[in-house]
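What follows is a single structure, written as structure tokens, with notes after it.
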2 protein chains.
Amino acid sequence: MSLTGHNYIAGETSAEGAELFYSVDPRTKSRGDQAFYSATESEVARAAEAARVAYQQMRGFSSARLADLLDEIAAQIGALGDELLHTADRETGLGLPRLTGERDRTTGQMRAFADLLREGSYLRAIINSGQPTIRQMQFPVGPVAIFAASNFPFAFAVAGGDSASALAAGCPIVVKAHPGHPATSELFAKAMTAAVAAQGCPAGAFSMLQGAGIDVGQWLVAHEAIEAVGFTGSLRGGRALYDAAAARPRPIPVYAEMGSINPVVITQAALAARAETIADGLVGSVTLGSGQFCTNPGLVLLEDSAASQDFIQAVSAKMEAAPAGPLLNEAVAAGLASAVEQTQAHPQVSLLTGGEPSAGEAFCYRNTVLQTRAAAIRADQRLQTEHFGPVTLFALCDDADDLRATIKALEGSLTSTLHAEAGEEVEDLLGLLREKAGRVVWNDFPTGVAVVPAMQHGGPYPATTAPSTTSVGSNAIYRFMRPIAFQNLPDALLPAPLQDANPLGILRQVDGEYTDGTV
Amino acid sequence: MSLTGHNYIAGETSAEGAELFYSVDPRTKSRGDQAFYSATESEVARAAEAARVAYQQMRGFSSARLADLLDEIAAQIGALGDELLHTADRETGLGLPRLTGERDRTTGQMRAFADLLREGSYLRAIINSGQPTIRQMQFPVGPVAIFAASNFPFAFAVAGGDSASALAAGCPIVVKAHPGHPATSELFAKAMTAAVAAQGCPAGAFSMLQGAGIDVGQWLVAHEAIEAVGFTGSLRGGRALYDAAAARPRPIPVYAEMGSINPVVITQAALAARAETIADGLVGSVTLGSGQFCTNPGLVLLEDSAASQDFIQAVSAKMEAAPAGPLLNEAVAAGLASAVEQTQAHPQVSLLTGGEPSAGEAFCYRNTVLQTRAAAIRADQRLQTEHFGPVTLFALCDDADDLRATIKALEGSLTSTLHAEAGEEVEDLLGLLREKAGRVVWNDFPTGVAVVPAMQHGGPYPATTAPSTTSVGSNAIYRFMRPIAFQNLPDALLPAPLQDANPLGILRQVDGEYTDGTV
């Protein structure tokens, strides 16, 4: 499929800008031939305005029609075939097996939202039939800006989870593609554009903007037509957008999923029972995808003991022996080197293995293990900096009190994990770990996020800017919806999900009872 | 009941400050004898720290225990007896009948949240029993700061809706009382403190801070222990807190319900059918509580015609004839006079009646009717300024297109209203009005907010800073909760609402089915 390097604005390609950038193969550091055009401010405005126009039509779409659009997108992504996998592999170095699975996940989440829409209870219809009669349900908020991540070029990118949930809500989207994989992004843009056209949706329902720097994103978030923002990426990037959105004359919400250190606590009993298994699991989780997961276990807390020392030694040896995969791009490699350097420079931190780039032509960093005392974490917040790569930091605690005090001092994460044995008194520990995360993992590892309705992929700041929302699972749709109530509106003028006869047969709360019947 | 004028911090009274202020009777402008102490920065910190400590205990409370606390608060408010009504009437001039009704509403919403907690489906428990097993439910976010409103000294104040929903969520609260009714606030603080003690809750579950200026609120929102903010009041006040919260090193959400002009559209057919009824209803709604409602209909849009001119004349005459009640306080009176003055000064606005303070010793303003052209509203955003008092602005439209364009140009409101006749083609108008509000009212008036689950009391900015949330109705609880998921956690370590046996018998979503059964 031929690439243009252009932006995709409401069904048309556009390349008005003078700033060009290129793909870089992270395995060879070689530049691709295709030039990509960073969007200009007027192209950003055109995309946002087209989304505003499209919204006037889309807000009248039924759930069933939106579901058809999502299914069509999944089909169009499938039709991209293996070219998608090879293009993404060249741009990210993530490998075909991982990318094949990620493609399935990406089309799977489109189809899962389609199923949610057809089932209908997600509308949260509530009817109170007194005087006055009040009926409410969820409606789309309007045009949404979405910022793609580098580390999931499919599942958190142009047609990723944020795009799926915003379109499912009925919101047109303007996606800022990640500059790390512009060719992959263009393939998705082609698929999305084709799906929008095939389903007879207004063209402004989807636009994709390329951009090498931060300007495109800042223009987009500042545009009056944009009503909400979805972002997956770094703390610095997410906070900058959050600040820009909050400073608008009319502030809008930013749902940013950012860095996370994902603390893991291992009890002495767990070590005694299965140190080897835990070590293998931990090394696998830390090195998965070269450690470039927002759920990567970056901090391991355990009480100081001979067993703990042995465990750390074993993990270090396994980390040293494990192959170091390529990092996504130069920015990730530079950021990782700088973050590890800062941590290593701390007087109470020692390096057990790694701590430097790997030899070879790829962007690559050695699997790295660092060690400190828990008290140092409490004393210096910089030791909670995320190392986005195959790195973990062990923090040894003097005793149980030291452990508890350190957990209390942690910033928010997407996940927290406890390895313990049945029968141990761990309610207190679990309670503390719960406060620090959106997902609490028991005797397992945090990488690998099941795409199921009960999943919560979120957490207290700085893991996200909106801990009450999720970016994975069916509840992700509510970031882009708001309730509207109707007072005394005649049945014929009500949206179908709120009509007396319940023509869609959906589950509703009617005068306090959950029912799929009529009023 | 004797008053102290002190702050109530975790069960103790405290008066460390040097800044004193007093109640003023709005009917006589006379100052009360009791001095009230604005809280100091260290008192604010003490209240926030006590809330943090209390949270460590409260986050383990069952829904049933929290429900008992809410019922106890309702009972303690009842035990304040008529002294509460007389005290509030002296401080607000709202009159005993209105205050009696508001007291019932206030205890009613405490008890309604208690019922919600006992029913249990509000926890939104979701269970996916695959591998891994993921289970999620809602948990409290932590200490909440609440800012009381002046215009509802019971229902949106110390023990008002925000306090009820935050405590129902399991969050300790620190309430900044409104300086317009400090004695009323102290009575509520006594009742809340007694209820917390009677139920054996940690004392830090409730604190109340007095304050004449903005310092107390700024200190409170900036305090590290505070996790969320509920606010009801002016756009300026709400936005200041929003900005302060967004600028924190760790930003927190501010759920501010602020000003609103609540547009009303009346079709020519509706005028032809029942002009007199609509005029009476409109005048009643504009003058209710001296117009001091956030849902006051402040803008009326209708096509220019002889019938419309007659209608405006009739409304003006009725407004002139209606008695003008006292305003809440000097700040409200001054703000209203200034806002009307600004609007009146606009070259395309004419004054039909009122437009000045009333004679007499009370803080009082004449019932006021202003008129302009719809095009002027579109051209000058200042014509969308809220007049917080018995004031409405008519905007005449050239035709249906002019009307639609003007609705599109409106800022967000809590409500929008349409008066039309059965059989008229109004889907398009309703669609436009829906985009501008959280509640769409049909052939009725927006004042009077039914406290039912389906109520949505919210709306796009500047009506609120969080259009996807509500401050009235059972969903108000979700402002102060966040979901947490558990991965593979053994049954015995799960919170009761997520255990296999469903010991609380609540409605849950299990593998896609809604059921109150076991897993």
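For the structure tokens, the naming scheme is as follows: chains receive sequential letters (A, B, ...) according to their order of presentation, residues are indexed from 1 within each chain, and ligands are indexed from 1 in presentation order.
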Provide as a count of residues only the residues of chain B at most 8 Å from chain A, counting only C-alpha atoms. 47
List the neighbours of Ala225 of chain B out to 7 Å using only C-alpha atoms; skip same-chain residues closer than 6 positions along the sequence, and give me the result as JSON, numbers by chain. {"B": [48, 49, 52, 143]}
Based on DSSP run over this structure's backbone, return all residues of segment 108-344 of chain B in strand (DSSP E), as a ChimeraX atom specification. /B:126-128,134-140,144-147,173-176,206-209,228-232,254-257,263-266,299-303
Export of prior selection with N, CA, C and O atoms as a compact mmCIF listing (two decimals), in the first residue's frame:
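File produced: again24.txt:
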```
# COMPACT_ATOMS: atom_id res chain seq x y z
N ILE B 126 -18.04 -5.50 39.41
CA ILE B 126 -17.93 -6.22 38.14
C ILE B 126 -16.94 -7.35 38.36
O ILE B 126 -15.85 -7.14 38.91
N ILE B 127 -17.32 -8.54 37.94
CA ILE B 127 -16.47 -9.71 38.13
C ILE B 127 -16.28 -10.41 36.79
O ILE B 127 -17.27 -10.70 36.10
N ASN B 128 -15.03 -10.65 36.41
CA ASN B 128 -14.73 -11.47 35.24
C ASN B 128 -13.93 -12.67 35.73
O ASN B 128 -12.81 -12.52 36.21
N ILE B 134 -10.52 -11.01 37.34
CA ILE B 134 -10.47 -9.58 37.64
C ILE B 134 -11.81 -9.18 38.26
O ILE B 134 -12.87 -9.55 37.74
N ARG B 135 -11.73 -8.47 39.38
CA ARG B 135 -12.96 -8.01 40.06
C ARG B 135 -12.75 -6.55 40.42
O ARG B 135 -11.72 -6.20 40.99
N GLN B 136 -13.73 -5.73 40.14
CA GLN B 136 -13.60 -4.33 40.52
C GLN B 136 -14.84 -3.82 41.22
O GLN B 136 -15.94 -4.33 41.04
N MET B 137 -14.62 -2.80 42.06
CA MET B 137 -15.74 -2.06 42.63
C MET B 137 -15.25 -0.65 42.95
O MET B 137 -14.07 -0.33 42.76
N GLN B 138 -16.17 0.18 43.42
CA GLN B 138 -15.86 1.57 43.73
C GLN B 138 -15.38 1.72 45.17
O GLN B 138 -15.96 1.11 46.08
N PHE B 139 -14.37 2.56 45.36
CA PHE B 139 -13.82 2.86 46.69
C PHE B 139 -13.76 4.37 46.89
O PHE B 139 -13.69 5.12 45.93
N PRO B 140 -13.72 4.82 48.15
CA PRO B 140 -13.60 6.26 48.40
C PRO B 140 -12.24 6.79 47.93
O PRO B 140 -11.26 6.05 47.91
N VAL B 144 -12.11 14.90 51.40
CA VAL B 144 -12.75 15.80 50.44
C VAL B 144 -12.97 17.16 51.09
O VAL B 144 -13.42 17.25 52.23
N ALA B 145 -12.65 18.23 50.34
CA ALA B 145 -12.95 19.60 50.78
C ALA B 145 -14.27 20.02 50.15
O ALA B 145 -14.48 19.82 48.95
N ILE B 146 -15.14 20.59 50.95
CA ILE B 146 -16.46 21.00 50.46
C ILE B 146 -16.69 22.47 50.75
O ILE B 146 -16.45 22.94 51.88
N PHE B 147 -17.16 23.18 49.75
CA PHE B 147 -17.42 24.61 49.88
C PHE B 147 -18.92 24.84 49.84
O PHE B 147 -19.59 24.55 48.85
N ILE B 173 -14.70 14.58 55.46
CA ILE B 173 -14.91 15.88 54.82
C ILE B 173 -14.41 17.03 55.69
O ILE B 173 -14.47 16.99 56.91
N VAL B 174 -13.88 18.04 55.01
CA VAL B 174 -13.55 19.32 55.65
C VAL B 174 -14.39 20.35 54.92
O VAL B 174 -14.19 20.59 53.72
N VAL B 175 -15.35 20.93 55.63
CA VAL B 175 -16.28 21.88 55.00
C VAL B 175 -15.83 23.30 55.27
O VAL B 175 -15.62 23.68 56.42
N LYS B 176 -15.69 24.07 54.21
CA LYS B 176 -15.53 25.52 54.36
C LYS B 176 -16.94 26.12 54.36
O LYS B 176 -17.65 26.07 53.35
N PHE B 206 -15.14 14.63 60.16
CA PHE B 206 -15.82 15.91 59.89
C PHE B 206 -15.09 17.07 60.55
O PHE B 206 -14.79 17.02 61.75
N SER B 207 -14.83 18.09 59.78
CA SER B 207 -14.39 19.37 60.32
C SER B 207 -15.11 20.47 59.58
O SER B 207 -15.50 20.29 58.42
N MET B 208 -15.31 21.59 60.26
CA MET B 208 -15.89 22.75 59.60
C MET B 208 -15.05 23.98 59.89
O MET B 208 -14.73 24.25 61.05
N LEU B 209 -14.70 24.69 58.84
CA LEU B 209 -13.87 25.88 58.97
C LEU B 209 -14.69 27.11 58.60
O LEU B 209 -15.34 27.13 57.55
N ALA B 228 -10.12 15.66 46.65
CA ALA B 228 -11.16 16.12 45.72
C ALA B 228 -11.88 17.29 46.38
O ALA B 228 -11.83 17.45 47.61
N VAL B 229 -12.56 18.09 45.55
CA VAL B 229 -13.21 19.30 46.02
C VAL B 229 -14.63 19.36 45.47
O VAL B 229 -14.84 19.16 44.27
N GLY B 230 -15.59 19.64 46.35
CA GLY B 230 -16.96 19.94 45.93
C GLY B 230 -17.25 21.40 46.22
O GLY B 230 -16.93 21.89 47.31
N PHE B 231 -17.84 22.09 45.26
CA PHE B 231 -18.05 23.53 45.40
C PHE B 231 -19.38 23.89 44.79
O PHE B 231 -19.74 23.41 43.71
N THR B 232 -20.14 24.78 45.44
CA THR B 232 -21.32 25.38 44.84
C THR B 232 -21.23 26.87 45.07
O THR B 232 -21.12 27.31 46.22
N VAL B 254 -11.83 19.23 40.85
CA VAL B 254 -12.74 20.18 41.50
C VAL B 254 -14.10 20.04 40.82
O VAL B 254 -14.22 20.25 39.62
N TYR B 255 -15.09 19.64 41.60
CA TYR B 255 -16.45 19.51 41.10
C TYR B 255 -17.20 20.77 41.50
O TYR B 255 -17.78 20.84 42.57
N ALA B 256 -17.11 21.78 40.63
CA ALA B 256 -17.69 23.08 40.95
C ALA B 256 -18.98 23.26 40.16
O ALA B 256 -18.99 23.11 38.94
N GLU B 257 -20.04 23.58 40.89
CA GLU B 257 -21.31 23.93 40.25
C GLU B 257 -21.43 25.44 40.39
O GLU B 257 -21.45 25.96 41.51
N PRO B 263 -31.22 28.93 29.61
CA PRO B 263 -32.05 29.49 28.54
C PRO B 263 -33.42 28.80 28.44
O PRO B 263 -33.54 27.60 28.62
N VAL B 264 -34.41 29.61 28.13
CA VAL B 264 -35.78 29.13 27.90
C VAL B 264 -36.18 29.54 26.49
O VAL B 264 -36.02 30.70 26.11
N VAL B 265 -36.66 28.59 25.71
CA VAL B 265 -37.14 28.87 24.36
C VAL B 265 -38.65 28.66 24.36
O VAL B 265 -39.14 27.64 24.87
N ILE B 266 -39.38 29.62 23.81
CA ILE B 266 -40.84 29.51 23.75
C ILE B 266 -41.25 29.64 22.28
O ILE B 266 -40.91 30.63 21.63
N LEU B 299 -32.50 33.79 30.68
CA LEU B 299 -32.52 34.20 29.28
C LEU B 299 -33.71 33.53 28.60
O LEU B 299 -33.87 32.31 28.69
N VAL B 300 -34.54 34.33 27.94
CA VAL B 300 -35.70 33.78 27.24
C VAL B 300 -35.58 34.15 25.77
O VAL B 300 -35.47 35.32 25.41
N LEU B 301 -35.57 33.11 24.92
CA LEU B 301 -35.43 33.31 23.48
C LEU B 301 -36.76 33.06 22.80
O LEU B 301 -37.38 32.02 23.01
N LEU B 302 -37.20 34.01 21.98
CA LEU B 302 -38.41 33.76 21.20
C LEU B 302 -38.39 34.60 19.94
O LEU B 302 -37.73 35.63 19.88
N GLU B 303 -39.08 34.09 18.93
CA GLU B 303 -39.11 34.81 17.66
C GLU B 303 -39.91 36.09 17.81
O GLU B 303 -40.91 36.14 18.52
```
Could you name the residues that touch segment 84-89 of chain B at 8 Å or less, counting only C-alpha atoms, but leaving out those on the same chain fewer than 5 positions away, as a ChimeraX atom specification? /B:94-96,99-100,153,181,183-184,187
Just-selected residues, N, CA, C and O atoms written as a PDB file, in the first residue's frame:
```pdb
ATOM      1  N   LEU B  94     -34.568  33.938  54.024  1.00  0.00           N
ATOM      2  CA  LEU B  94     -35.280  33.057  53.088  1.00  0.00           C
ATOM      3  C   LEU B  94     -36.692  32.697  53.551  1.00  0.00           C
ATOM      4  O   LEU B  94     -37.492  32.193  52.757  1.00  0.00           O
ATOM      5  N   GLY B  95     -37.010  32.951  54.817  1.00  0.00           N
ATOM      6  CA  GLY B  95     -38.366  32.700  55.292  1.00  0.00           C
ATOM      7  C   GLY B  95     -38.545  31.285  55.814  1.00  0.00           C
ATOM      8  O   GLY B  95     -37.926  30.339  55.321  1.00  0.00           O
ATOM      9  N   LEU B  96     -39.398  31.140  56.821  1.00  0.00           N
ATOM     10  CA  LEU B  96     -39.558  29.846  57.476  1.00  0.00           C
ATOM     11  C   LEU B  96     -40.166  28.766  56.585  1.00  0.00           C
ATOM     12  O   LEU B  96     -39.730  27.611  56.651  1.00  0.00           O
ATOM     13  N   LEU B  99     -37.427  27.472  54.359  1.00  0.00           N
ATOM     14  CA  LEU B  99     -36.371  26.809  55.131  1.00  0.00           C
ATOM     15  C   LEU B  99     -36.853  25.486  55.723  1.00  0.00           C
ATOM     16  O   LEU B  99     -36.084  24.528  55.837  1.00  0.00           O
ATOM     17  N   THR B 100     -38.117  25.423  56.075  1.00  0.00           N
ATOM     18  CA  THR B 100     -38.666  24.161  56.580  1.00  0.00           C
ATOM     19  C   THR B 100     -38.594  23.087  55.501  1.00  0.00           C
ATOM     20  O   THR B 100     -38.166  21.948  55.743  1.00  0.00           O
ATOM     21  N   PRO B 153     -28.728  27.381  52.497  1.00  0.00           N
ATOM     22  CA  PRO B 153     -27.931  27.267  53.729  1.00  0.00           C
ATOM     23  C   PRO B 153     -28.028  25.887  54.380  1.00  0.00           C
ATOM     24  O   PRO B 153     -27.228  25.575  55.259  1.00  0.00           O
ATOM     25  N   HIS B 181     -23.786  32.754  56.441  1.00  0.00           N
ATOM     26  CA  HIS B 181     -24.651  32.194  57.496  1.00  0.00           C
ATOM     27  C   HIS B 181     -23.815  31.377  58.493  1.00  0.00           C
ATOM     28  O   HIS B 181     -24.024  30.163  58.650  1.00  0.00           O
ATOM     29  N   ALA B 183     -23.710  31.289  61.790  1.00  0.00           N
ATOM     30  CA  ALA B 183     -24.388  30.701  62.958  1.00  0.00           C
ATOM     31  C   ALA B 183     -25.119  29.423  62.540  1.00  0.00           C
ATOM     32  O   ALA B 183     -25.052  28.394  63.228  1.00  0.00           O
ATOM     33  N   THR B 184     -25.798  29.496  61.403  1.00  0.00           N
ATOM     34  CA  THR B 184     -26.450  28.291  60.872  1.00  0.00           C
ATOM     35  C   THR B 184     -25.412  27.188  60.680  1.00  0.00           C
ATOM     36  O   THR B 184     -25.639  26.024  61.025  1.00  0.00           O
ATOM     37  N   LEU B 187     -24.474  25.506  63.909  1.00  0.00           N
ATOM     38  CA  LEU B 187     -25.477  24.540  64.372  1.00  0.00           C
ATOM     39  C   LEU B 187     -25.309  23.207  63.641  1.00  0.00           C
ATOM     40  O   LEU B 187     -25.352  22.134  64.258  1.00  0.00           O
TER      41      LEU B 187
END
```
Segment 105-213 of chain B: residues DSSP assigns to alpha helix (DSSP H), reported as an mmCIF file with N, CA and C atoms, in the first residue's frame:
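Contents of the output file selection_13.cif:
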```cif
data_model
loop_
_atom_site.group_PDB
_atom_site.id
_atom_site.type_symbol
_atom_site.label_atom_id
_atom_site.label_comp_id
_atom_site.auth_asym_id
_atom_site.auth_seq_id
_atom_site.Cartn_x
_atom_site.Cartn_y
_atom_site.Cartn_z
ATOM 1 N N ARG B 105 -35.582 18.456 52.842
ATOM 2 C CA ARG B 105 -34.799 17.987 51.705
ATOM 3 C C ARG B 105 -33.406 17.545 52.163
ATOM 4 N N THR B 106 -32.841 18.309 53.096
ATOM 5 C CA THR B 106 -31.473 18.041 53.544
ATOM 6 C C THR B 106 -31.391 16.725 54.316
ATOM 7 N N THR B 107 -32.317 16.522 55.244
ATOM 8 C CA THR B 107 -32.315 15.232 55.946
ATOM 9 C C THR B 107 -32.742 14.119 54.997
ATOM 10 N N GLY B 108 -33.621 14.458 54.052
ATOM 11 C CA GLY B 108 -34.072 13.461 53.078
ATOM 12 C C GLY B 108 -32.936 12.964 52.205
ATOM 13 N N GLN B 109 -32.030 13.865 51.820
ATOM 14 C CA GLN B 109 -30.957 13.386 50.950
ATOM 15 C C GLN B 109 -29.918 12.588 51.741
ATOM 16 N N MET B 110 -29.754 12.914 53.033
ATOM 17 C CA MET B 110 -28.890 12.055 53.870
ATOM 18 C C MET B 110 -29.467 10.630 53.906
ATOM 19 N N ARG B 111 -30.780 10.549 54.147
ATOM 20 C CA ARG B 111 -31.412 9.221 54.264
ATOM 21 C C ARG B 111 -31.458 8.503 52.918
ATOM 22 N N ALA B 112 -31.592 9.279 51.826
ATOM 23 C CA ALA B 112 -31.609 8.649 50.497
ATOM 24 C C ALA B 112 -30.249 8.004 50.202
ATOM 25 N N PHE B 113 -29.172 8.680 50.597
ATOM 26 C CA PHE B 113 -27.853 8.055 50.398
ATOM 27 C C PHE B 113 -27.691 6.833 51.305
ATOM 28 N N ALA B 114 -28.250 6.897 52.510
ATOM 29 C CA ALA B 114 -28.196 5.709 53.377
ATOM 30 C C ALA B 114 -28.900 4.526 52.704
ATOM 31 N N ASP B 115 -30.042 4.786 52.083
ATOM 32 C CA ASP B 115 -30.771 3.713 51.372
ATOM 33 C C ASP B 115 -29.933 3.173 50.209
ATOM 34 N N LEU B 116 -29.305 4.101 49.492
ATOM 35 C CA LEU B 116 -28.468 3.698 48.352
ATOM 36 C C LEU B 116 -27.360 2.755 48.820
ATOM 37 N N LEU B 117 -26.743 3.106 49.973
ATOM 38 C CA LEU B 117 -25.634 2.295 50.480
ATOM 39 C C LEU B 117 -26.127 0.902 50.867
ATOM 40 N N ARG B 118 -27.301 0.844 51.465
ATOM 41 C CA ARG B 118 -27.799 -0.460 51.915
ATOM 42 C C ARG B 118 -28.223 -1.335 50.734
ATOM 43 N N GLU B 119 -28.681 -0.704 49.658
ATOM 44 C CA GLU B 119 -29.097 -1.470 48.474
ATOM 45 C C GLU B 119 -27.868 -2.066 47.785
ATOM 46 N N GLY B 161 -25.776 18.411 50.100
ATOM 47 C CA GLY B 161 -25.642 17.298 49.172
ATOM 48 C C GLY B 161 -24.205 16.840 48.982
ATOM 49 N N ASP B 162 -23.264 17.779 48.886
ATOM 50 C CA ASP B 162 -21.865 17.370 48.701
ATOM 51 C C ASP B 162 -21.356 16.630 49.931
ATOM 52 N N SER B 163 -21.735 17.113 51.120
ATOM 53 C CA SER B 163 -21.312 16.428 52.345
ATOM 54 C C SER B 163 -21.917 15.033 52.409
ATOM 55 N N ALA B 164 -23.196 14.933 52.065
ATOM 56 C CA ALA B 164 -23.868 13.632 52.108
ATOM 57 C C ALA B 164 -23.215 12.654 51.142
ATOM 58 N N SER B 165 -22.941 13.104 49.915
ATOM 59 C CA SER B 165 -22.403 12.172 48.921
ATOM 60 C C SER B 165 -20.957 11.799 49.239
ATOM 61 N N ALA B 166 -20.182 12.732 49.776
ATOM 62 C CA ALA B 166 -18.788 12.412 50.110
ATOM 63 C C ALA B 166 -18.729 11.445 51.290
ATOM 64 N N LEU B 167 -19.520 11.696 52.320
ATOM 65 C CA LEU B 167 -19.542 10.765 53.457
ATOM 66 C C LEU B 167 -20.097 9.406 53.028
ATOM 67 N N ALA B 168 -21.106 9.415 52.172
ATOM 68 C CA ALA B 168 -21.663 8.152 51.669
ATOM 69 C C ALA B 168 -20.587 7.357 50.933
ATOM 70 N N ALA B 169 -19.726 8.072 50.214
ATOM 71 C CA ALA B 169 -18.636 7.402 49.492
ATOM 72 C C ALA B 169 -17.602 6.815 50.452
ATOM 73 N N PRO B 182 -22.892 32.046 59.187
ATOM 74 C CA PRO B 182 -21.979 31.318 60.082
ATOM 75 C C PRO B 182 -22.664 30.682 61.285
ATOM 76 N N ALA B 183 -23.710 31.289 61.790
ATOM 77 C CA ALA B 183 -24.388 30.701 62.958
ATOM 78 C C ALA B 183 -25.119 29.423 62.540
ATOM 79 N N THR B 184 -25.798 29.496 61.403
ATOM 80 C CA THR B 184 -26.450 28.291 60.872
ATOM 81 C C THR B 184 -25.412 27.188 60.680
ATOM 82 N N SER B 185 -24.265 27.573 60.133
ATOM 83 C CA SER B 185 -23.199 26.600 59.892
ATOM 84 C C SER B 185 -22.737 25.961 61.194
ATOM 85 N N GLU B 186 -22.625 26.778 62.243
ATOM 86 C CA GLU B 186 -22.171 26.212 63.512
ATOM 87 C C GLU B 186 -23.187 25.213 64.062
ATOM 88 N N LEU B 187 -24.474 25.506 63.909
ATOM 89 C CA LEU B 187 -25.477 24.540 64.372
ATOM 90 C C LEU B 187 -25.309 23.207 63.641
ATOM 91 N N PHE B 188 -25.111 23.268 62.332
ATOM 92 C CA PHE B 188 -24.879 22.028 61.582
ATOM 93 C C PHE B 188 -23.596 21.338 62.033
ATOM 94 N N ALA B 189 -22.567 22.136 62.306
ATOM 95 C CA ALA B 189 -21.301 21.530 62.745
ATOM 96 C C ALA B 189 -21.491 20.777 64.052
ATOM 97 N N LYS B 190 -22.311 21.340 64.941
ATOM 98 C CA LYS B 190 -22.605 20.644 66.200
ATOM 99 C C LYS B 190 -23.308 19.320 65.926
ATOM 100 N N ALA B 191 -24.292 19.361 65.029
ATOM 101 C CA ALA B 191 -25.043 18.143 64.718
ATOM 102 C C ALA B 191 -24.140 17.087 64.084
ATOM 103 N N MET B 192 -23.302 17.515 63.151
ATOM 104 C CA MET B 192 -22.408 16.570 62.469
ATOM 105 C C MET B 192 -21.396 15.992 63.457
ATOM 106 N N THR B 193 -20.838 16.851 64.300
ATOM 107 C CA THR B 193 -19.848 16.396 65.275
ATOM 108 C C THR B 193 -20.474 15.387 66.232
ATOM 109 N N ALA B 194 -21.696 15.680 66.667
ATOM 110 C CA ALA B 194 -22.394 14.761 67.571
ATOM 111 C C ALA B 194 -22.660 13.427 66.880
ATOM 112 N N ALA B 195 -23.040 13.469 65.602
ATOM 113 C CA ALA B 195 -23.348 12.235 64.875
ATOM 114 C C ALA B 195 -22.096 11.381 64.703
ATOM 115 N N VAL B 196 -20.991 12.023 64.377
ATOM 116 C CA VAL B 196 -19.725 11.298 64.188
ATOM 117 C C VAL B 196 -19.331 10.600 65.495
ATOM 118 N N ALA B 197 -19.478 11.329 66.607
ATOM 119 C CA ALA B 197 -19.134 10.748 67.912
ATOM 120 C C ALA B 197 -20.100 9.620 68.273
ATOM 121 N N ALA B 198 -21.387 9.854 68.049
ATOM 122 C CA ALA B 198 -22.393 8.854 68.429
ATOM 123 C C ALA B 198 -22.194 7.551 67.668
#
```
May I have the residues within 6 Å of Ala148 of chain B as a list in words, using only C-alpha atoms and disregarding those fewer than 2 positions away in the same chain?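 Surrounding residues, per the criterion: Phe156, Ala157, Ala177 and His178 of chain B.
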Those residues you just picked out, can you put them in a file as an mmCIF file, in the first residue's frame with all heavy atoms?
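The resulting selection-v7.cif:
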```cif
data_model
loop_
_atom_site.group_PDB
_atom_site.id
_atom_site.type_symbol
_atom_site.label_atom_id
_atom_site.label_comp_id
_atom_site.auth_asym_id
_atom_site.auth_seq_id
_atom_site.Cartn_x
_atom_site.Cartn_y
_atom_site.Cartn_z
ATOM 1 N N PHE B 156 -27.263 22.814 50.323
ATOM 2 C CA PHE B 156 -25.960 22.868 49.652
ATOM 3 C C PHE B 156 -24.942 23.504 50.583
ATOM 4 O O PHE B 156 -24.152 24.351 50.163
ATOM 5 C CB PHE B 156 -26.037 23.659 48.336
ATOM 6 C CG PHE B 156 -26.732 22.929 47.219
ATOM 7 C CD1 PHE B 156 -28.103 23.018 47.067
ATOM 8 C CD2 PHE B 156 -26.008 22.153 46.322
ATOM 9 C CE1 PHE B 156 -28.746 22.345 46.039
ATOM 10 C CE2 PHE B 156 -26.642 21.481 45.292
ATOM 11 C CZ PHE B 156 -28.019 21.575 45.149
ATOM 12 N N ALA B 157 -24.946 23.110 51.845
ATOM 13 C CA ALA B 157 -24.044 23.767 52.790
ATOM 14 C C ALA B 157 -23.377 22.725 53.691
ATOM 15 O O ALA B 157 -23.013 21.654 53.201
ATOM 16 C CB ALA B 157 -24.802 24.837 53.564
ATOM 17 N N ALA B 177 -17.353 26.633 55.528
ATOM 18 C CA ALA B 177 -18.702 27.192 55.653
ATOM 19 C C ALA B 177 -18.802 28.488 54.858
ATOM 20 O O ALA B 177 -17.805 29.171 54.623
ATOM 21 C CB ALA B 177 -19.013 27.455 57.124
ATOM 22 N N HIS B 178 -20.029 28.817 54.446
ATOM 23 C CA HIS B 178 -20.202 30.094 53.757
ATOM 24 C C HIS B 178 -20.306 31.216 54.786
ATOM 25 O O HIS B 178 -21.046 31.087 55.766
ATOM 26 C CB HIS B 178 -21.455 30.063 52.881
ATOM 27 C CG HIS B 178 -21.457 31.192 51.892
ATOM 28 N ND1 HIS B 178 -21.778 32.484 52.244
ATOM 29 C CD2 HIS B 178 -21.109 31.231 50.583
ATOM 30 C CE1 HIS B 178 -21.649 33.272 51.185
ATOM 31 N NE2 HIS B 178 -21.243 32.536 50.166
#
```
